[in-house]
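*Asks:* Sharing a structure below in structure tokens format, with a few things to ask.
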Amino acid sequence: MDSSTSVALEPVLSFLAFSLSKLESGFYRIPGSAVVARYVKSSHQNDPGRTILELILVIFAIRTLLQSRTRTDRSGKHFIKFSEKEIDELVDEWVPEPLAQPLTEWEQRDLSSVPVISGPNGPKPKLLATGKIVTNLASFNFAGLAGNEKVKERALETLQKYGLGSCGPPGFYGTIDVHLDLEHDIAEFLGTEASILYSQGFSTISSVIPAFCKRGDIIVADRSVNFAIQKGILISRSTVRWFDHNDLKSLEDTLISVEKERKKRKGPLTRRFIITEGIFERDGEMVDLPKLVELKLKYKYRLILDESISFGTMGRTGRGLTELYNVPAEQIDMLVGSVANGLCSAGGFCAGSSIVVDHQRINGTSFVFSASMPALLATSGSEAIIFLRNNPSVLLNLQDNIRAIRAVLEKTEGITLLGHRASPIIHFCLRTQQQSLAVTQLTYDYEAEERILQDIVDDSIANGVLLTRAKHLRGQEMVESRPTIRIAATAALSRKEVEKAAGVVKASVTRILSKRR
């Protein structure tokens with residue numbers, strides 16, 4: 001019986017063996033089939049259960065691709081049928097929800113109070129609404145480069161040669177020779193190995209941070225860093241420890257506590273970063289760079305320094321805090337600056353070693369995914385650096401004007417000046433018993449102070465001086481700051497013009513506050 005069965009099955013088994021042999025020979029003719037075969041053999045040998053699981057997944061994928069994508073009831077028996085009249089009535093009754101909440105009365109006033117400039121911006125722009133020429137203490141025109149004739153001439157030449165837009169991101173076809181020239185000029189100007197150019201100022205620091213800081217890394221940052229830094233820290237998903245605003249004793253205590261915590265839980269040594277600003281955009285305070293570098297070297301941290309305000313304004317030729325404090329730029333691991341603020345062009349940069357810069361060319365999100373800045377703005381930046389090199393007296397004039405503004409406003413009753421005495425941005429808030437910039441509970445009415453400060457701004461504009469309140473995103477920032485008015489000093493005005501403008505601001509403060517007493 002058994003022998004007769006085996007004799008009967010022999011042709012079938014021979015056919016199966018022949019078919020499998022043909023399939024095997026056909027499979028190995030396919031390019032790359034040997035790699036797949038080795039993978040399957042090694043996978044089955046090490047983990048047979050994995051082979052079964054992968055086979056099930058393949059079958060499931062094939063079944064999903066072959067089955068119908070839709071399972072709707074084609075007969076329509078479960079649908080509600082409406083007449084044309086009912087459909088029209090439903091459409092008429094439907095009221096869509098608003099995309100955003102309607103503006104409050106204060107928000108509408110705040111929006112409508114924004115002045116519009118007619119013609120080019122500069123130290124003496126003309127307002128569109130009134131046609132009046134005003135003294136500009138609102139724009140970041142620190143070195144007076146806005147409207148510089150040599151810069152405009154170079155920009156026009158570049159526009160005629162290259163056209164307007166770059167039409168592509170830097171890593172593909174958006175980089176041209178003028179972009180590389182500006183990167184070389186910035187690196188040479190600061191004394192670093194290399195630099196990388198970003199086309200948007202805000203996204204510079206918010207791209208640099210997550211390019212280096214990843215999940216599991218340690219970031220120690222100042223509580224009052226600007227919003228762009230806060231977003232970069234959030235994107236990085238690193239472990240964050242905050243230290244008190246511009247308090248290097250608090251920074252050292254935080255660095256010590258981080259190391260104690262690591263040793264206590266016997267954790268691995270991870271990458272660690274200190275992140276802060278050179279001059280803080282929020283209040284104009286200035287960091288003690290030599291002490292900061294000393295702590296960075298002592299506790300073996302990398303330093304990311306945002307010099308968006310101090311680059312182009314501090315030091316003999318505008319190189320920033322490294323020049324002011326005579327600190328070698330190579331001691332700053334990632335030196336971030338603003339081409340828009342310091343050079344009156346657009347975008348930002350990160351300077352450092354060649355390794356640091358090259359890493360960002362494939363990991364800096366804004367560099368990879370955003371279009372390059374227009375060529376004319378790159379040449380404007382290069383020309384601005386030449387101007388700063390050849391005209392160091394400009395920054396002496398800037399510091400002279402800063403002292404003149406502070407001298408007038410320090411005598412004004414009812415307000416308190418904030419920030420470092422050499423800072424080109426000067427904030428002042430209403431004087432209260434609590435003089436800290438950080439908000440404390442039950443100290444004052446935030447919205448009431450904003451309204452008073454806006455009245456001062458409006459009165460100053462009406463009297464020929466353009467001012468602005470410092471704007472913040474309430475509820476989204478790490479620290480909620482007190483409302484302030486921000487003055488941006490400029491070297492484009494004479495000392496007499498600056499003193500006159502500061503006198504107008506003083507008169508506006510006195511006039512508005514006297515009405516509210």
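Chain labels run A, B, ... following the order of the structure tokens; each chain numbers its residues from 1, and ligands are numbered from 1 in the order shown.
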Show which residues sit within 10 Å of Ala462 in chain A, as a PDB file with all heavy atoms, in the first residue's frame. Count only C-alpha atoms, and ignore same-chain residues fewer than 3 positions away.

*Replies:*
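Final file, selection_2.pdb:
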ATOM      1  N   THR A 130       0.267 111.178   7.598  1.00  0.00           N
ATOM      2  CA  THR A 130       0.311 112.632   7.780  1.00  0.00           C
ATOM      3  C   THR A 130       1.261 113.338   6.832  1.00  0.00           C
ATOM      4  O   THR A 130       1.194 114.566   6.695  1.00  0.00           O
ATOM      5  CB  THR A 130       0.732 112.955   9.227  1.00  0.00           C
ATOM      6  OG1 THR A 130       2.060 112.434   9.464  1.00  0.00           O
ATOM      7  CG2 THR A 130      -0.233 112.341  10.227  1.00  0.00           C
ATOM      8  N   LYS A 132       4.305 113.637   7.432  1.00  0.00           N
ATOM      9  CA  LYS A 132       5.231 114.338   8.324  1.00  0.00           C
ATOM     10  C   LYS A 132       6.572 113.605   8.402  1.00  0.00           C
ATOM     11  O   LYS A 132       6.617 112.377   8.446  1.00  0.00           O
ATOM     12  CB  LYS A 132       4.592 114.413   9.714  1.00  0.00           C
ATOM     13  CG  LYS A 132       5.315 115.279  10.711  1.00  0.00           C
ATOM     14  CD  LYS A 132       4.504 115.358  12.006  1.00  0.00           C
ATOM     15  CE  LYS A 132       5.179 116.274  13.012  1.00  0.00           C
ATOM     16  NZ  LYS A 132       4.372 116.382  14.260  1.00  0.00           N
ATOM     17  N   VAL A 134       9.648 112.423  10.518  1.00  0.00           N
ATOM     18  CA  VAL A 134       9.862 112.138  11.941  1.00  0.00           C
ATOM     19  C   VAL A 134      11.292 111.646  12.162  1.00  0.00           C
ATOM     20  O   VAL A 134      11.949 111.154  11.243  1.00  0.00           O
ATOM     21  CB  VAL A 134       8.859 111.087  12.465  1.00  0.00           C
ATOM     22  CG1 VAL A 134       7.443 111.632  12.453  1.00  0.00           C
ATOM     23  CG2 VAL A 134       8.941 109.796  11.647  1.00  0.00           C
ATOM     24  N   ILE A 456       2.038 107.209  25.273  1.00  0.00           N
ATOM     25  CA  ILE A 456       3.323 107.913  25.174  1.00  0.00           C
ATOM     26  C   ILE A 456       3.886 107.796  23.763  1.00  0.00           C
ATOM     27  O   ILE A 456       4.380 108.775  23.185  1.00  0.00           O
ATOM     28  CB  ILE A 456       4.316 107.347  26.210  1.00  0.00           C
ATOM     29  CG1 ILE A 456       3.841 107.647  27.638  1.00  0.00           C
ATOM     30  CG2 ILE A 456       5.714 107.926  25.986  1.00  0.00           C
ATOM     31  CD1 ILE A 456       4.660 106.964  28.717  1.00  0.00           C
ATOM     32  N   VAL A 457       3.800 106.600  23.179  1.00  0.00           N
ATOM     33  CA  VAL A 457       4.278 106.387  21.807  1.00  0.00           C
ATOM     34  C   VAL A 457       3.512 107.272  20.826  1.00  0.00           C
ATOM     35  O   VAL A 457       4.108 107.951  19.975  1.00  0.00           O
ATOM     36  CB  VAL A 457       4.139 104.895  21.416  1.00  0.00           C
ATOM     37  CG1 VAL A 457       4.370 104.708  19.920  1.00  0.00           C
ATOM     38  CG2 VAL A 457       5.121 104.039  22.197  1.00  0.00           C
ATOM     39  N   ASP A 458       2.182 107.282  20.949  1.00  0.00           N
ATOM     40  CA  ASP A 458       1.357 108.086  20.041  1.00  0.00           C
ATOM     41  C   ASP A 458       1.664 109.571  20.175  1.00  0.00           C
ATOM     42  O   ASP A 458       1.735 110.302  19.167  1.00  0.00           O
ATOM     43  CB  ASP A 458      -0.123 107.828  20.320  1.00  0.00           C
ATOM     44  CG  ASP A 458      -0.543 106.399  19.982  1.00  0.00           C
ATOM     45  OD1 ASP A 458       0.184 105.753  19.208  1.00  0.00           O
ATOM     46  OD2 ASP A 458      -1.584 105.945  20.496  1.00  0.00           O
ATOM     47  N   ASP A 459       1.856 110.024  21.408  1.00  0.00           N
ATOM     48  CA  ASP A 459       2.155 111.437  21.635  1.00  0.00           C
ATOM     49  C   ASP A 459       3.519 111.806  21.057  1.00  0.00           C
ATOM     50  O   ASP A 459       3.680 112.885  20.472  1.00  0.00           O
ATOM     51  CB  ASP A 459       2.113 111.735  23.137  1.00  0.00           C
ATOM     52  CG  ASP A 459       2.173 113.226  23.437  1.00  0.00           C
ATOM     53  OD1 ASP A 459       1.122 113.883  23.385  1.00  0.00           O
ATOM     54  OD2 ASP A 459       3.288 113.720  23.722  1.00  0.00           O
ATOM     55  N   VAL A 465       8.701 112.220  16.796  1.00  0.00           N
ATOM     56  CA  VAL A 465       9.690 111.192  17.148  1.00  0.00           C
ATOM     57  C   VAL A 465       9.022 109.823  17.056  1.00  0.00           C
ATOM     58  O   VAL A 465       8.023 109.559  17.741  1.00  0.00           O
ATOM     59  CB  VAL A 465      10.268 111.404  18.562  1.00  0.00           C
ATOM     60  CG1 VAL A 465      11.233 110.274  18.905  1.00  0.00           C
ATOM     61  CG2 VAL A 465      10.987 112.734  18.650  1.00  0.00           C
ATOM     62  N   LEU A 466       9.567 108.953  16.212  1.00  0.00           N
ATOM     63  CA  LEU A 466       9.002 107.626  15.999  1.00  0.00           C
ATOM     64  C   LEU A 466       9.523 106.659  17.050  1.00  0.00           C
ATOM     65  O   LEU A 466      10.729 106.418  17.154  1.00  0.00           O
ATOM     66  CB  LEU A 466       9.364 107.125  14.597  1.00  0.00           C
ATOM     67  CG  LEU A 466       8.750 105.803  14.154  1.00  0.00           C
ATOM     68  CD1 LEU A 466       7.231 105.885  14.115  1.00  0.00           C
ATOM     69  CD2 LEU A 466       9.289 105.414  12.777  1.00  0.00           C
ATOM     70  N   SER A 508       6.686 113.891  26.341  1.00  0.00           N
ATOM     71  CA  SER A 508       5.513 113.027  26.148  1.00  0.00           C
ATOM     72  C   SER A 508       5.234 112.199  27.394  1.00  0.00           C
ATOM     73  O   SER A 508       4.078 112.036  27.805  1.00  0.00           O
ATOM     74  CB  SER A 508       5.724 112.112  24.942  1.00  0.00           C
ATOM     75  OG  SER A 508       5.807 112.848  23.747  1.00  0.00           O
TER      76      SER A 508
END

*Asks:* Mind checking which residues fall within 12 Å of Lys296 in chain A, counting only C-alpha atoms, ignoring those fewer than 3 positions away in the same chain, and posting them as a list of chain:residue names?

*Replies:*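 Final neighbour list, sorted by chain and number: A:Val220, A:Leu248, A:Leu251, A:Glu252, A:Leu255, A:Ile256, A:Arg272, A:Phe273, A:Ile274, A:Ile275, A:Thr276, A:Leu289, A:Pro290, A:Lys291, A:Leu292, A:Val293, A:Tyr299, A:Lys300, A:Tyr301, A:Arg302, A:Leu303, A:Ile304, A:Leu305, A:Gln331, A:Ile332, A:Asp333.
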
*Asks:* Of the residues A:Ala491, A:Leu343, A:Ala34, A:Leu388, which is the one nearest to Ala404 in chain A, using only C-alpha atoms?

*Replies:*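 That would be A:Ala491, the residue with the smallest distance to Ala404 in chain A.
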
*Asks:* Enumerate the residues of range 228-420 of chain A with a DSSP assignment of strand (DSSP E), computed from the backbone, and present them as a VMD selection string.

*Replies:* chain A and resid 239 to 243 272 to 277 302 to 307 334 to 338 348 to 352 415 to 418

*Asks:* Those same residues - N, CA, C and O atoms - I'd like them written as a tab-separated table (two decimals), in the first residue's frame.

*Replies:*
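Result saved to out_39.tsv:
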chain	number	residue	atom	x	y	z
A	239	THR	N	17.06	68.18	27.30
A	239	THR	CA	16.75	68.46	28.69
A	239	THR	C	17.25	69.86	29.02
A	239	THR	O	18.42	70.18	28.79
A	240	VAL	N	16.38	70.71	29.55
A	240	VAL	CA	16.70	72.13	29.74
A	240	VAL	C	16.76	72.47	31.23
A	240	VAL	O	15.89	72.06	32.01
A	241	ARG	N	17.79	73.20	31.60
A	241	ARG	CA	17.90	73.78	32.94
A	241	ARG	C	18.06	75.29	32.77
A	241	ARG	O	18.89	75.74	32.00
A	242	TRP	N	17.26	76.06	33.49
A	242	TRP	CA	17.26	77.52	33.35
A	242	TRP	C	18.02	78.16	34.50
A	242	TRP	O	17.95	77.70	35.64
A	243	PHE	N	18.75	79.25	34.21
A	243	PHE	CA	19.37	80.03	35.28
A	243	PHE	C	18.82	81.45	35.26
A	243	PHE	O	18.26	81.90	34.26
A	272	ARG	N	26.65	68.87	26.26
A	272	ARG	CA	26.09	69.91	27.14
A	272	ARG	C	26.36	71.29	26.53
A	272	ARG	O	27.46	71.55	26.03
A	273	PHE	N	25.36	72.16	26.61
A	273	PHE	CA	25.44	73.47	25.96
A	273	PHE	C	24.97	74.57	26.92
A	273	PHE	O	24.03	74.37	27.68
A	274	ILE	N	25.63	75.72	26.84
A	274	ILE	CA	25.16	76.95	27.46
A	274	ILE	C	24.64	77.85	26.35
A	274	ILE	O	25.32	78.06	25.35
A	275	ILE	N	23.42	78.37	26.51
A	275	ILE	CA	22.82	79.22	25.50
A	275	ILE	C	22.40	80.54	26.14
A	275	ILE	O	21.67	80.55	27.12
A	276	THR	N	22.88	81.64	25.58
A	276	THR	CA	22.50	82.96	26.09
A	276	THR	C	22.70	83.99	24.99
A	276	THR	O	23.11	83.66	23.87
A	277	GLU	N	22.39	85.25	25.31
A	277	GLU	CA	22.55	86.35	24.36
A	277	GLU	C	23.70	87.25	24.79
A	277	GLU	O	24.02	87.35	25.97
A	302	ARG	N	29.73	73.43	25.70
A	302	ARG	CA	29.80	74.20	24.47
A	302	ARG	C	28.94	75.45	24.63
A	302	ARG	O	27.90	75.41	25.28
A	303	LEU	N	29.36	76.54	24.00
A	303	LEU	CA	28.67	77.82	24.16
A	303	LEU	C	28.03	78.25	22.84
A	303	LEU	O	28.70	78.34	21.81
A	304	ILE	N	26.72	78.49	22.88
A	304	ILE	CA	25.99	79.07	21.75
A	304	ILE	C	25.61	80.49	22.17
A	304	ILE	O	24.79	80.68	23.07
A	305	LEU	N	26.23	81.49	21.53
A	305	LEU	CA	26.04	82.89	21.90
A	305	LEU	C	25.32	83.63	20.78
A	305	LEU	O	25.79	83.66	19.64
A	306	ASP	N	24.18	84.22	21.12
A	306	ASP	CA	23.41	84.99	20.14
A	306	ASP	C	23.81	86.46	20.24
A	306	ASP	O	23.49	87.14	21.21
A	307	GLU	N	24.50	86.95	19.20
A	307	GLU	CA	24.94	88.34	19.17
A	307	GLU	C	24.14	89.15	18.15
A	307	GLU	O	24.68	90.01	17.46
A	334	MET	N	29.59	78.35	18.87
A	334	MET	CA	28.65	78.78	17.82
A	334	MET	C	28.31	80.24	18.08
A	334	MET	O	27.58	80.56	19.02
A	335	LEU	N	28.84	81.12	17.26
A	335	LEU	CA	28.61	82.56	17.40
A	335	LEU	C	27.56	82.96	16.37
A	335	LEU	O	27.82	82.94	15.16
A	336	VAL	N	26.38	83.30	16.86
A	336	VAL	CA	25.25	83.60	15.98
A	336	VAL	C	25.03	85.11	15.95
A	336	VAL	O	25.10	85.78	16.98
A	337	GLY	N	24.79	85.65	14.76
A	337	GLY	CA	24.55	87.08	14.63
A	337	GLY	C	23.50	87.38	13.59
A	337	GLY	O	23.04	86.49	12.87
A	338	SER	N	23.12	88.65	13.52
A	338	SER	CA	22.08	89.08	12.58
A	338	SER	C	22.67	89.99	11.52
A	338	SER	O	23.25	91.02	11.84
A	348	GLY	N	20.69	86.04	8.81
A	348	GLY	CA	21.61	85.90	9.92
A	348	GLY	C	22.74	84.96	9.55
A	348	GLY	O	22.82	84.47	8.42
A	349	PHE	N	23.61	84.70	10.53
A	349	PHE	CA	24.76	83.82	10.28
A	349	PHE	C	25.13	83.09	11.55
A	349	PHE	O	24.74	83.47	12.65
A	350	CYS	N	25.89	82.02	11.37
A	350	CYS	CA	26.52	81.31	12.49
A	350	CYS	C	27.98	81.12	12.13
A	350	CYS	O	28.30	80.54	11.08
A	351	ALA	N	28.87	81.62	12.98
A	351	ALA	CA	30.30	81.52	12.74
A	351	ALA	C	30.93	80.58	13.75
A	351	ALA	O	30.48	80.48	14.89
A	352	GLY	N	31.98	79.89	13.33
A	352	GLY	CA	32.67	78.95	14.21
A	352	GLY	C	33.72	78.18	13.43
A	352	GLY	O	34.24	78.65	12.40
A	415	ILE	N	9.52	107.01	35.11
A	415	ILE	CA	9.97	105.87	34.32
A	415	ILE	C	11.31	105.37	34.86
A	415	ILE	O	12.03	106.10	35.56
A	416	THR	N	11.65	104.14	34.54
A	416	THR	CA	12.92	103.53	34.92
A	416	THR	C	13.61	103.00	33.67
A	416	THR	O	13.01	102.23	32.91
A	417	LEU	N	14.85	103.42	33.45
A	417	LEU	CA	15.63	102.89	32.33
A	417	LEU	C	16.19	101.53	32.67
A	417	LEU	O	16.61	101.28	33.81
A	418	LEU	N	16.19	100.65	31.69
A	418	LEU	CA	16.66	99.28	31.88
A	418	LEU	C	17.89	99.02	31.00
A	418	LEU	O	18.16	99.76	30.06

*Asks:* Where does DSSP see helix (DSSP H, G or I) in range 263-351 of chain A, if you list the residues as a list in words?

*Replies:* Lys263, Lys264, Leu289, Pro290, Lys291, Leu292, Val293, Glu294, Leu295, Lys296, Leu297, Lys298, Leu321, Thr322, Glu323, Leu324, Ala329, Glu330, Gln331, Val339, Ala340, Asn341, Gly342 and Leu343 of chain A

*Asks:* Only C-alpha atoms, please: the residues just picked out, written as a PDB file, in the first residue's frame.

*Replies:*
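Now in out-v6.pdb:
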ATOM      1  CA  LYS A 263      26.734  61.467  39.178  1.00  0.00           C
ATOM      2  CA  LYS A 264      23.894  60.640  41.568  1.00  0.00           C
ATOM      3  CA  LEU A 289      31.599  87.356  28.228  1.00  0.00           C
ATOM      4  CA  PRO A 290      35.014  86.676  29.865  1.00  0.00           C
ATOM      5  CA  LYS A 291      33.316  85.178  32.937  1.00  0.00           C
ATOM      6  CA  LEU A 292      30.926  83.220  30.722  1.00  0.00           C
ATOM      7  CA  VAL A 293      33.817  81.720  28.728  1.00  0.00           C
ATOM      8  CA  GLU A 294      35.629  80.911  31.982  1.00  0.00           C
ATOM      9  CA  LEU A 295      32.613  78.909  33.241  1.00  0.00           C
ATOM     10  CA  LYS A 296      32.202  77.207  29.870  1.00  0.00           C
ATOM     11  CA  LEU A 297      35.812  75.984  29.907  1.00  0.00           C
ATOM     12  CA  LYS A 298      35.760  75.075  33.606  1.00  0.00           C
ATOM     13  CA  LEU A 321      31.429  91.337  22.452  1.00  0.00           C
ATOM     14  CA  THR A 322      34.485  89.319  21.427  1.00  0.00           C
ATOM     15  CA  GLU A 323      36.129  92.555  20.299  1.00  0.00           C
ATOM     16  CA  LEU A 324      34.771  94.594  23.210  1.00  0.00           C
ATOM     17  CA  ALA A 329      36.171  84.330  18.706  1.00  0.00           C
ATOM     18  CA  GLU A 330      37.306  80.682  18.495  1.00  0.00           C
ATOM     19  CA  GLN A 331      36.410  80.303  22.189  1.00  0.00           C
ATOM     20  CA  VAL A 339      22.902  90.449   9.152  1.00  0.00           C
ATOM     21  CA  ALA A 340      19.558  92.283   9.303  1.00  0.00           C
ATOM     22  CA  ASN A 341      20.256  94.159  12.555  1.00  0.00           C
ATOM     23  CA  GLY A 342      24.000  94.724  12.437  1.00  0.00           C
ATOM     24  CA  LEU A 343      24.484  95.234   8.699  1.00  0.00           C
TER      25      LEU A 343
END

*Asks:* Quick check, in Å to one decimal: how far apart do CA of Asn148 in chain A and CA of Phe367 in chain A lie?

*Replies:*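 Taking CA of Asn148 in chain A and CA of Phe367 in chain A, their separation equals 28.5 Å.
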
*Asks:* Determine the nearest neighbour of Ser139 in chain A from the options A:Leu66, A:Ala488, A:Val40, A:Cys344, counting only C-alpha atoms.

*Replies:*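 Smallest distance to Ser139 in chain A is found for A:Ala488.
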
*Asks:* With distances taken over only C-alpha atoms, which of A:Ser345, A:Thr468, A:Asn463, A:Ser33 is nearest to Val151 in chain A?

*Replies:* A:Ser345

*Asks:* Show me, as an NGL selection string, the residues that have an atom within 10 Å of Tyr173 in chain A when counting only C-alpha atoms, minus same-chain residues fewer than 4 positions from it.

*Replies:* :A and (166-169 or 371-372)

*Asks:* Let's have the selection written as a JSON list (two decimals), in the first residue's frame, with all heavy atoms.

*Replies:*
[["chain", "number", "residue", "atom", "x", "y", "z"],
["A", 166, "SER", "N", 16.80, 84.29, -5.53],
["A", 166, "SER", "CA", 17.78, 83.21, -5.74],
["A", 166, "SER", "C", 17.13, 81.97, -6.32],
["A", 166, "SER", "O", 17.80, 81.12, -6.91],
["A", 166, "SER", "CB", 18.45, 82.85, -4.41],
["A", 166, "SER", "OG", 17.46, 82.44, -3.46],
["A", 167, "CYS", "N", 15.80, 81.82, -6.13],
["A", 167, "CYS", "CA", 15.02, 80.74, -6.75],
["A", 167, "CYS", "C", 15.41, 79.34, -6.27],
["A", 167, "CYS", "O", 15.20, 78.37, -6.99],
["A", 167, "CYS", "CB", 15.09, 80.80, -8.27],
["A", 167, "CYS", "SG", 14.50, 82.36, -8.95],
["A", 168, "GLY", "N", 15.98, 79.21, -5.09],
["A", 168, "GLY", "CA", 16.31, 77.87, -4.60],
["A", 168, "GLY", "C", 16.99, 77.90, -3.26],
["A", 168, "GLY", "O", 17.56, 78.92, -2.86],
["A", 169, "PRO", "N", 16.94, 76.79, -2.53],
["A", 169, "PRO", "CA", 17.63, 76.70, -1.24],
["A", 169, "PRO", "C", 19.15, 76.62, -1.44],
["A", 169, "PRO", "O", 19.62, 76.20, -2.51],
["A", 169, "PRO", "CB", 17.08, 75.41, -0.63],
["A", 169, "PRO", "CG", 16.61, 74.61, -1.79],
["A", 169, "PRO", "CD", 16.17, 75.57, -2.84],
["A", 371, "ALA", "N", 14.75, 79.23, 0.83],
["A", 371, "ALA", "CA", 15.47, 79.80, -0.30],
["A", 371, "ALA", "C", 16.57, 80.74, 0.19],
["A", 371, "ALA", "O", 16.46, 81.37, 1.24],
["A", 371, "ALA", "CB", 14.50, 80.56, -1.20],
["A", 372, "SER", "N", 17.64, 80.82, -0.57],
["A", 372, "SER", "CA", 18.73, 81.73, -0.24],
["A", 372, "SER", "C", 18.25, 83.18, -0.31],
["A", 372, "SER", "O", 17.28, 83.49, -1.01],
["A", 372, "SER", "CB", 19.89, 81.56, -1.23],
["A", 372, "SER", "OG", 20.38, 80.25, -1.20]]

*Asks:* My list of candidates is A:Glu450, A:Glu84, A:Asp400, A:Glu477. Which is closest to Val498 in chain A when distances are computed with only C-alpha atoms?

*Replies:*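 Comparing A:Glu450, A:Glu84, A:Asp400, A:Glu477 against Val498 in chain A, the winner is A:Asp400.
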
*Asks:* Would you pick out the contacts of Arg215 in chain A at 10 Å or less, using only C-alpha atoms, so that residues sharing its chain but fewer than 5 positions from it are not included, and give the list as a JSON list (two decimals) with N, CA and C atoms, in the first residue's frame?

*Replies:*
[["chain", "number", "residue", "atom", "x", "y", "z"],
["A", 210, "PRO", "N", 18.70, 73.28, 17.28],
["A", 210, "PRO", "CA", 18.36, 71.86, 17.05],
["A", 210, "PRO", "C", 19.31, 71.13, 16.10],
["A", 235, "ILE", "N", 12.32, 72.92, 19.93],
["A", 235, "ILE", "CA", 12.44, 71.99, 18.80],
["A", 235, "ILE", "C", 13.50, 70.92, 19.08],
["A", 236, "SER", "N", 14.55, 71.28, 19.83],
["A", 236, "SER", "CA", 15.66, 70.35, 20.06],
["A", 236, "SER", "C", 15.26, 69.15, 20.92],
["A", 237, "ARG", "N", 14.22, 69.31, 21.77],
["A", 237, "ARG", "CA", 13.75, 68.25, 22.68],
["A", 237, "ARG", "C", 14.83, 67.83, 23.68],
["A", 238, "SER", "N", 15.77, 68.73, 23.93],
["A", 238, "SER", "CA", 16.83, 68.44, 24.91],
["A", 238, "SER", "C", 16.31, 68.67, 26.33],
["A", 239, "THR", "N", 17.06, 68.18, 27.30],
["A", 239, "THR", "CA", 16.75, 68.46, 28.69],
["A", 239, "THR", "C", 17.25, 69.86, 29.02]]

*Asks:* For a quick check of understanding, using only C-alpha atoms, which of A:Ile487, A:Ile402, A:Ala502, A:Ala492 has the smallest distance to Arg421 in chain A?

*Replies:* A:Ile402

*Asks:* Would you pick out the contacts of Leu467 in chain A at 8 Å or less, using only C-alpha atoms, so that residues sharing its chain but fewer than 2 positions from it are not included, and give the list as a short mmCIF file (atom, residue, chain, number, x, y, z; two decimals) with N, CA, C and O atoms, in the first residue's frame?

*Replies:*
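Below is the file selection_26.cif, written as the result:
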data_model
loop_
_atom_site.label_atom_id
_atom_site.label_comp_id
_atom_site.auth_asym_id
_atom_site.auth_seq_id
_atom_site.Cartn_x
_atom_site.Cartn_y
_atom_site.Cartn_z
N ASN A 136 13.60 108.90 13.61
CA ASN A 136 13.37 107.47 13.79
C ASN A 136 14.22 106.92 14.93
O ASN A 136 15.44 106.75 14.80
N LEU A 137 13.56 106.62 16.06
CA LEU A 137 14.20 105.92 17.17
C LEU A 137 13.56 104.55 17.39
O LEU A 137 13.60 104.01 18.49
N ALA A 138 12.98 104.01 16.33
CA ALA A 138 12.31 102.71 16.43
C ALA A 138 13.01 101.61 15.64
O ALA A 138 13.01 100.46 16.04
N VAL A 457 3.80 106.60 23.18
CA VAL A 457 4.28 106.39 21.81
C VAL A 457 3.51 107.27 20.83
O VAL A 457 4.11 107.95 19.97
N SER A 460 4.50 110.90 21.21
CA SER A 460 5.83 111.17 20.65
C SER A 460 5.79 111.24 19.14
O SER A 460 6.42 112.12 18.52
N ILE A 461 5.04 110.33 18.51
CA ILE A 461 4.93 110.36 17.04
C ILE A 461 4.26 111.64 16.59
O ILE A 461 4.67 112.26 15.59
N VAL A 465 8.70 112.22 16.80
CA VAL A 465 9.69 111.19 17.15
C VAL A 465 9.02 109.82 17.06
O VAL A 465 8.02 109.56 17.74
N ARG A 469 6.52 100.35 21.22
CA ARG A 469 6.53 99.49 22.40
C ARG A 469 7.25 98.20 22.07
O ARG A 469 7.23 97.73 20.94
N ILE A 485 8.80 100.54 26.58
CA ILE A 485 9.03 101.21 25.31
C ILE A 485 10.49 100.98 24.95
O ILE A 485 11.37 101.10 25.81
N ARG A 486 10.75 100.64 23.69
CA ARG A 486 12.10 100.34 23.25
C ARG A 486 12.60 101.45 22.31
O ARG A 486 11.96 101.77 21.31
N ILE A 487 13.73 102.01 22.66
CA ILE A 487 14.38 103.03 21.83
C ILE A 487 15.61 102.40 21.18
O ILE A 487 16.41 101.75 21.85
#

*Asks:* Of the residues A:Ser423, A:Gln101, A:Thr204, A:Ser354, which is the one nearest to Gly315 in chain A, using only C-alpha atoms?

*Replies:*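 With only C-alpha atoms as the atom set, the closest residue is A:Ser423.
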